[in-house]
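What follows is a single structure, written as structure tokens, with notes after it.
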Amino acid sequence: MKTLVTGAAGFIGSAIILRLLERGDIVIGIDNHNNYYDPAIKEARLARYINHPNYTHLRIDLADRKAIESAFAKHKPQRVVNLAAQAGVRYSIENPLAYIDSNIVGFAHILEGCRHNGVDHLVYASSSSVYGANTAMPFSIHQNVDHPLSLYAASKKANELMAHTYSHLYNLPTTGLRFFTVYGPWGRPDMALFKFTKAILEDKPIQVFNYGKHRRDFTYIDDIVEGVIRVLNRPALTNPEWEGDVPDPGTSRAPWRVYNIGNNSPVELVDFIAALEKTLGKAAKKELLPLQAGDVPDTYANVDDLVEQFHYKPATTVEDGINQFIVWYRDYYKV
């Protein structure tokens, strides 16, 4: 199988590429290596497979239409995993246009590449953020998601709508995966676990928003990778029972699907911090603050469709996941 992966030097992208190479895929990776966070960790992730005989790396931007067209035309991937995106809810409040360029324009270029080059299946990253103002827990793919609370969330909902159009018009199988708070080794330095670990080890205070009371469905990276691989192996199918007068938001008459990938076990932030303190053997100095604009108070994934259709459910406990992260962190940063 020849698979194109965007966000190839990213947290999730690099982990998926390692799995694809292990199983014998030919992989083409795309990444623009921007400086949203320290590019050094991107280079370190990439170093693990840059010289693999089945891997080709392209340093290009999704917003560069000609470069993306050329990549598809030259390499002719059979399947595509689109993980490249401008990430971060809070940054989207400060710099919203960055999300239009990468998450909207860039995704349109990926869809066009798939359309014109006979791609069998496009799997792309959506986000738990699309649930926005929804409060019915656990979040289900069969709920309406029309009230995003940040432009990041809106851009991910837009990706799902754009993908549906291409599935409908061009019969392109597309599957969107709504990731729930992914963490683990080789993660993003701008995320809470990284920031908390660094601050605690340096005896600096950590900022705890919503006074630590919001809940997150923390999902370990290995669980995410396993879910992506299983979904990638089976192109999206139509739902012949879909009806326009009672539309199911999670399926379609077109070959289009969305799924939640979450741990199905939300943890309060204060308990997450307590597990981190226990692993580090050191107490955190907490600066308790109100909920930030754009943040969702709770995330909790209903993963029934993933379990039923792919016989798979994320299972790594927060305690085990944090332990694996800390082992990696101490080794990588030599602390």
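Residues are named by chain letter and number: chains run A, B, ... in the order of the structure tokens, numbers start at 1 in each chain, and ligands are numbered from 1 in the order shown.
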
- Neighbour list for Glu241 (chain A) as a ChimeraX atom specification, cut-off 12 Å, only C-alpha atoms, skip fewer than 4 positions in-chain: /A:237,245-248,251-254

- Task: With a distance cut-off of 7 Å and only C-alpha atoms, select the neighbouring residues of region 268-274 of chain A, excluding the residue or stretch itself and same-chain residues fewer than 6 positions from it, and output the selection as a ChimeraX atom specification.
- Result: /A:212-216

- Tell me, which residues of region 52-205 of chain A carry DSSP alpha helix (DSSP H), written as a PyMOL selection string? chain A and resi 65-75+89-94+97-99+106-116+151-170+192-201

- Message: Let's see if you can do this: from backbone DSSP, list all strand (DSSP E or B) residues in region 120-327 of chain A, as a count of residues only.
- Response: 40

- Task: Find the residues near Lys157 (chain A): any atom within 9 Å, counting only C-alpha atoms, skip ones fewer than 2 places away on the same chain, and give them as an NGL selection string.
- Result: :A and (126-127 or 129-130 or 145-146 or 148 or 152-155 or 159-162)

Atoms kept (all heavy atoms) for selection, written as a CSV table (one decimal), in the first residue's frame:
```
chain,number,residue,atom,x,y,z
A,126,SER,N,-10.3,15.1,12.6
A,126,SER,CA,-11.3,16.1,13.1
A,126,SER,C,-10.9,16.3,14.6
A,126,SER,O,-9.8,16.1,15.0
A,126,SER,CB,-12.7,15.7,12.9
A,126,SER,OG,-13.6,16.7,13.3
A,127,SER,N,-11.9,16.7,15.4
A,127,SER,CA,-11.5,17.0,16.8
A,127,SER,C,-12.8,17.0,17.7
A,127,SER,O,-13.9,17.3,17.2
A,127,SER,CB,-10.9,18.4,16.9
A,127,SER,OG,-10.8,18.9,18.2
A,129,SER,N,-13.4,19.1,19.6
A,129,SER,CA,-13.8,20.5,19.7
A,129,SER,C,-15.0,20.8,18.9
A,129,SER,O,-15.7,21.8,19.2
A,129,SER,CB,-12.6,21.4,19.3
A,129,SER,OG,-11.5,21.3,20.1
A,130,VAL,N,-15.3,20.0,17.9
A,130,VAL,CA,-16.5,20.3,17.1
A,130,VAL,C,-17.8,20.2,17.9
A,130,VAL,O,-18.8,20.8,17.5
A,130,VAL,CB,-16.7,19.3,15.9
A,130,VAL,CG1,-15.4,19.4,15.0
A,130,VAL,CG2,-16.9,17.9,16.4
A,145,VAL,N,-23.7,19.1,15.6
A,145,VAL,CA,-22.5,19.9,16.1
A,145,VAL,C,-22.4,21.2,15.3
A,145,VAL,O,-21.4,21.5,14.7
A,145,VAL,CB,-21.2,19.1,15.9
A,145,VAL,CG1,-21.2,17.9,17.0
A,145,VAL,CG2,-21.1,18.5,14.5
A,146,ASP,N,-23.4,22.1,15.5
A,146,ASP,CA,-23.5,23.3,14.8
A,146,ASP,C,-23.1,24.5,15.6
A,146,ASP,O,-23.4,25.7,15.2
A,146,ASP,CB,-24.8,23.5,14.2
A,146,ASP,CG,-25.0,22.7,12.9
A,146,ASP,OD1,-24.0,22.2,12.3
A,146,ASP,OD2,-26.2,22.5,12.5
A,148,PRO,N,-19.9,25.6,17.3
A,148,PRO,CA,-18.4,25.6,17.8
A,148,PRO,C,-18.1,26.8,18.6
A,148,PRO,O,-18.8,27.9,18.4
A,148,PRO,CB,-17.7,25.6,16.4
A,148,PRO,CG,-18.6,26.2,15.5
A,148,PRO,CD,-20.0,25.8,15.9
A,152,TYR,N,-10.9,27.2,15.6
A,152,TYR,CA,-10.2,25.9,15.4
A,152,TYR,C,-11.3,24.8,15.2
A,152,TYR,O,-11.3,24.0,14.3
A,152,TYR,CB,-9.3,25.6,16.6
A,152,TYR,CG,-8.9,24.1,16.6
A,152,TYR,CD1,-7.9,23.7,15.6
A,152,TYR,CD2,-9.4,23.2,17.5
A,152,TYR,CE1,-7.5,22.3,15.6
A,152,TYR,CE2,-9.0,21.9,17.5
A,152,TYR,CZ,-8.0,21.5,16.6
A,152,TYR,OH,-7.6,20.1,16.5
A,153,ALA,N,-12.3,24.9,16.2
A,153,ALA,CA,-13.4,23.9,16.1
A,153,ALA,C,-14.2,24.1,14.8
A,153,ALA,O,-14.6,23.1,14.2
A,153,ALA,CB,-14.3,24.1,17.3
A,154,ALA,N,-14.5,25.3,14.4
A,154,ALA,CA,-15.2,25.6,13.2
A,154,ALA,C,-14.5,25.1,12.0
A,154,ALA,O,-15.2,24.6,11.1
A,154,ALA,CB,-15.5,27.1,13.1
A,155,SER,N,-13.2,25.2,12.0
A,155,SER,CA,-12.4,24.7,10.8
A,155,SER,C,-12.5,23.2,10.7
A,155,SER,O,-12.5,22.6,9.6
A,155,SER,CB,-11.0,25.2,10.9
A,155,SER,OG,-10.2,24.5,11.9
A,159,ASN,N,-14.1,20.9,7.8
A,159,ASN,CA,-13.5,19.8,7.1
A,159,ASN,C,-14.4,18.7,6.9
A,159,ASN,O,-14.5,18.0,5.8
A,159,ASN,CB,-12.3,19.3,7.9
A,159,ASN,CG,-11.1,20.2,7.9
A,159,ASN,OD1,-10.1,20.0,8.6
A,159,ASN,ND2,-11.1,21.2,7.1
A,160,GLU,N,-15.2,18.4,7.9
A,160,GLU,CA,-16.2,17.3,7.8
A,160,GLU,C,-17.2,17.6,6.7
A,160,GLU,O,-17.6,16.7,5.9
A,160,GLU,CB,-16.9,17.1,9.1
A,160,GLU,CG,-16.0,16.6,10.2
A,160,GLU,CD,-16.7,16.4,11.6
A,160,GLU,OE1,-17.9,16.7,11.7
A,160,GLU,OE2,-16.0,16.1,12.5
A,161,LEU,N,-17.7,18.9,6.6
A,161,LEU,CA,-18.6,19.2,5.6
A,161,LEU,C,-18.0,19.2,4.2
A,161,LEU,O,-18.7,18.7,3.2
A,161,LEU,CB,-19.2,20.6,5.9
A,161,LEU,CG,-20.0,20.8,7.2
A,161,LEU,CD1,-20.3,22.3,7.4
A,161,LEU,CD2,-21.2,20.0,7.1
A,162,MET,N,-16.8,19.7,4.1
A,162,MET,CA,-16.1,19.6,2.8
A,162,MET,C,-15.9,18.2,2.3
A,162,MET,O,-16.1,17.9,1.1
A,162,MET,CB,-14.8,20.4,2.9
A,162,MET,CG,-14.9,21.9,3.2
A,162,MET,SD,-13.3,22.6,3.8
A,162,MET,CE,-12.3,22.6,2.3
```

- Select, from A:Val228, A:Leu169, A:Leu151, A:Ile141, the residue with the minimum atom-to-atom distance to Tyr300 (chain A), counting only C-alpha atoms.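 Of A:Val228, A:Leu169, A:Leu151, A:Ile141, the one nearest Tyr300 (chain A) is A:Ile141, counting only C-alpha atoms.
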
Find the nearest atom pair between each residue of region 109-203 of chain A and region 282-285 of chain A for residues within 9 Å, count only C-alpha atoms, give distances in Å to one decimal, sort rows by chain and ascending number, and present the table as JSON lines.
```
{"residue": "A:Phe196", "atom": "CA", "partner": "A:Ala284", "partner_atom": "CA", "distance": 8.1}
{"residue": "A:Ala199", "atom": "CA", "partner": "A:Ala284", "partner_atom": "CA", "distance": 8.1}
{"residue": "A:Ile200", "atom": "CA", "partner": "A:Ala284", "partner_atom": "CA", "distance": 5.4}
{"residue": "A:Leu201", "atom": "CA", "partner": "A:Lys282", "partner_atom": "CA", "distance": 7.8}
{"residue": "A:Asp203", "atom": "CA", "partner": "A:Lys285", "partner_atom": "CA", "distance": 7.4}
```

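When the distance limit is 8 Å and only C-alpha atoms are what count, the residues near Val123 (chain A), minus those fewer than 2 positions from it on the same chain, are A:Val80, A:Val81, A:Asn82, A:His121, A:Ala125, A:Thr174, A:Thr175, A:Gly176, A:Leu177, A:Val228, A:Val231, A:Leu232.
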
- Skipping near chain neighbours, those fewer than 2 positions away, what residues fall within 8 Å of Gln78 (chain A) using only C-alpha atoms, listed as an MDAnalysis selection string? chainID A and resid 1:4 76 80 118:121

- Message: At a cut-off of 9 Å, using only C-alpha atoms, what residues contact region 319-335 of chain A? Leave out same-chain residues fewer than 3 positions from it and give the result as a count of residues only.
- Response: 18

- What does the distance between CA of Asp190 (chain A) and CA of Ile16 (chain A) come to in Å, to one decimal place?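 Distance between the two atoms: 20.3 Å.
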